[in-house]
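Chemist: The structure follows.
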Amino acid sequence: MANEVSKNEDGRLPSLFSHDPFSSFREEMNGLIDRAFGRGFLDMPGFARFGAGQIAPSVDLHETDKEYSLTAELPGLDEKDVDLSVHEGVMTLKGEKRYEKTDEKDKARILERNYGSFQRVFTLPSDVDDEKIAAKFDRGVLTVTMPKRAGARPASRRISIGKG
């Protein structure tokens, strides 16, 4: 009769080696990826997950001749959950998405949605008139309008390079 192979306590088949040289490497790599990006980082609409459970809203930034427009997705939040401030050319967007349990007897079995505090910091272009920045919040989307100063010079320009 052939020898039967039994699974380890964790359900894996035993290695041919007394110590699998790749198992610790595989576990370390999985841990690094989880710490750097969080579990399931590719399938999180609205919030991106960064290391150590940190979340941050996804944003779009557009520019026209007259203004910049920043749009941030903040699903599940209200305007009271969000704080937007400007100080010395830096705009800070922060807030918190809280887990709210509706029934004490309810035991969560799966929690895939992201909860926690977040903060995004943006350095404003030099031509933004920070006294006229306005924001509105509608259906989980924050839109920040940043008008350009009249007569402001562009923050950047192309410099032609001459031959030696």
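Residue numbering restarts at 1 in every chain; chains get A, B, ... in the order shown in the structure tokens, and ligands count up from 1 in that same order.
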Per DSSP on the backbone, filter stretch 75-111 of chain A down to the residues in strand (DSSP E) and report them as a VMD selection string.

Modeler: chain A and resid 82 to 87 90 to 97

Chemist: Could you save those same residues with C-alpha atoms as a PDB file, in the first residue's frame?

Modeler:
ATOM      1  CA  VAL A  82     -14.819  66.948   5.313  1.00  0.00           C
ATOM      2  CA  ASP A  83     -12.429  69.791   6.153  1.00  0.00           C
ATOM      3  CA  LEU A  84     -10.806  71.912   3.430  1.00  0.00           C
ATOM      4  CA  SER A  85      -8.246  74.598   4.271  1.00  0.00           C
ATOM      5  CA  VAL A  86      -5.607  76.755   2.563  1.00  0.00           C
ATOM      6  CA  HIS A  87      -2.461  78.060   4.229  1.00  0.00           C
ATOM      7  CA  VAL A  90      -0.956  74.690   0.378  1.00  0.00           C
ATOM      8  CA  MET A  91      -4.486  73.254   0.307  1.00  0.00           C
ATOM      9  CA  THR A  92      -5.318  70.446   2.732  1.00  0.00           C
ATOM     10  CA  LEU A  93      -8.285  68.113   2.311  1.00  0.00           C
ATOM     11  CA  LYS A  94      -9.015  65.897   5.282  1.00  0.00           C
ATOM     12  CA  GLY A  95     -11.865  64.005   6.835  1.00  0.00           C
ATOM     13  CA  GLU A  96     -13.030  60.742   8.263  1.00  0.00           C
ATOM     14  CA  LYS A  97     -15.249  57.940   7.037  1.00  0.00           C
TER      15      LYS A  97
END

Chemist: Quick one: of A:Arg139, A:Arg158, A:Arg26, A:Arg149, who's nearest to A:Glu73, counting only C-alpha atoms?

Modeler: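 The answer is A:Arg139, which sits nearest to A:Glu73.
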
Chemist: Which residues are close to A:Asp78, i.e. within 9 Å by only C-alpha atoms, leaving aside same-chain residues fewer than 3 positions away? Reply as a PDB file with N, CA and C atoms, in the first residue's frame.

Modeler:
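New file around23.pdb:
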ATOM      1  N   LEU A  74     -15.765  61.246  -2.569  1.00  0.00           N
ATOM      2  CA  LEU A  74     -15.873  60.984  -1.138  1.00  0.00           C
ATOM      3  C   LEU A  74     -17.149  60.198  -0.848  1.00  0.00           C
ATOM      4  N   PRO A  75     -17.237  58.964  -1.341  1.00  0.00           N
ATOM      5  CA  PRO A  75     -18.474  58.202  -1.193  1.00  0.00           C
ATOM      6  C   PRO A  75     -18.803  57.917   0.270  1.00  0.00           C
ATOM      7  N   ASP A  81     -18.355  65.957   7.247  1.00  0.00           N
ATOM      8  CA  ASP A  81     -17.272  65.002   7.500  1.00  0.00           C
ATOM      9  C   ASP A  81     -15.956  65.430   6.862  1.00  0.00           C
ATOM     10  N   VAL A  82     -15.975  66.539   6.112  1.00  0.00           N
ATOM     11  CA  VAL A  82     -14.819  66.948   5.313  1.00  0.00           C
ATOM     12  C   VAL A  82     -14.348  68.321   5.758  1.00  0.00           C
ATOM     13  N   PHE A 137     -20.257  70.540  -2.397  1.00  0.00           N
ATOM     14  CA  PHE A 137     -20.329  69.103  -2.146  1.00  0.00           C
ATOM     15  C   PHE A 137     -21.688  68.611  -2.624  1.00  0.00           C
ATOM     16  N   ASP A 138     -21.684  67.642  -3.532  1.00  0.00           N
ATOM     17  CA  ASP A 138     -22.944  67.132  -4.067  1.00  0.00           C
ATOM     18  C   ASP A 138     -22.832  65.631  -4.308  1.00  0.00           C
ATOM     19  N   ARG A 139     -23.684  64.860  -3.649  1.00  0.00           N
ATOM     20  CA  ARG A 139     -23.782  63.407  -3.820  1.00  0.00           C
ATOM     21  C   ARG A 139     -22.431  62.695  -3.705  1.00  0.00           C
ATOM     22  N   GLY A 140     -21.675  63.049  -2.677  1.00  0.00           N
ATOM     23  CA  GLY A 140     -20.406  62.372  -2.420  1.00  0.00           C
ATOM     24  C   GLY A 140     -19.238  62.847  -3.261  1.00  0.00           C
TER      25      GLY A 140
END

Chemist: Please indicate the distance in Å from atom CA of A:Thr143 to atom CA of A:Glu100, rounded to one decimal place.

Modeler: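 So the two atoms, atom CA of A:Thr143 and atom CA of A:Glu100, lie 25.7 Å apart.
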
Chemist: Would you please work out which residue, of A:Ser24, A:Lys136, A:Gly116, A:Arg98, is nearest to A:Ala72 when using only C-alpha atoms?

Modeler: A:Lys136

Chemist: Looking at A:Ala134, A:Ile161, A:Pro147, A:Lys105, which one is nearest to A:Tyr68, with distances taken over only C-alpha atoms?

Modeler: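 Of A:Ala134, A:Ile161, A:Pro147, A:Lys105, the one nearest A:Tyr68, counting only C-alpha atoms, is A:Pro147.
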
Chemist: Select, from A:Ser126, A:Thr71, A:Gln119, A:Thr102, the residue with the minimum atom-to-atom distance to A:Glu88, counting only C-alpha atoms.

Modeler: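 With only C-alpha atoms as the atom set, the closest residue is A:Ser126.
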
Chemist: Pick from A:Ser58, A:Ser117, A:Ser160, A:Asn30: nearest to A:Tyr99, with only C-alpha atoms counted?

Modeler: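 Answer, going by the shortest atom-to-atom distance: A:Ser117.
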
Chemist: Excluding A:Ile133 and any residue of its chain fewer than 3 positions from it, enumerate the residues within 6 Å of it, using only C-alpha atoms, and give them as a list in words.

Modeler: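 Contacts, in chain order: Asp130, Thr145 and Met146 of chain A.
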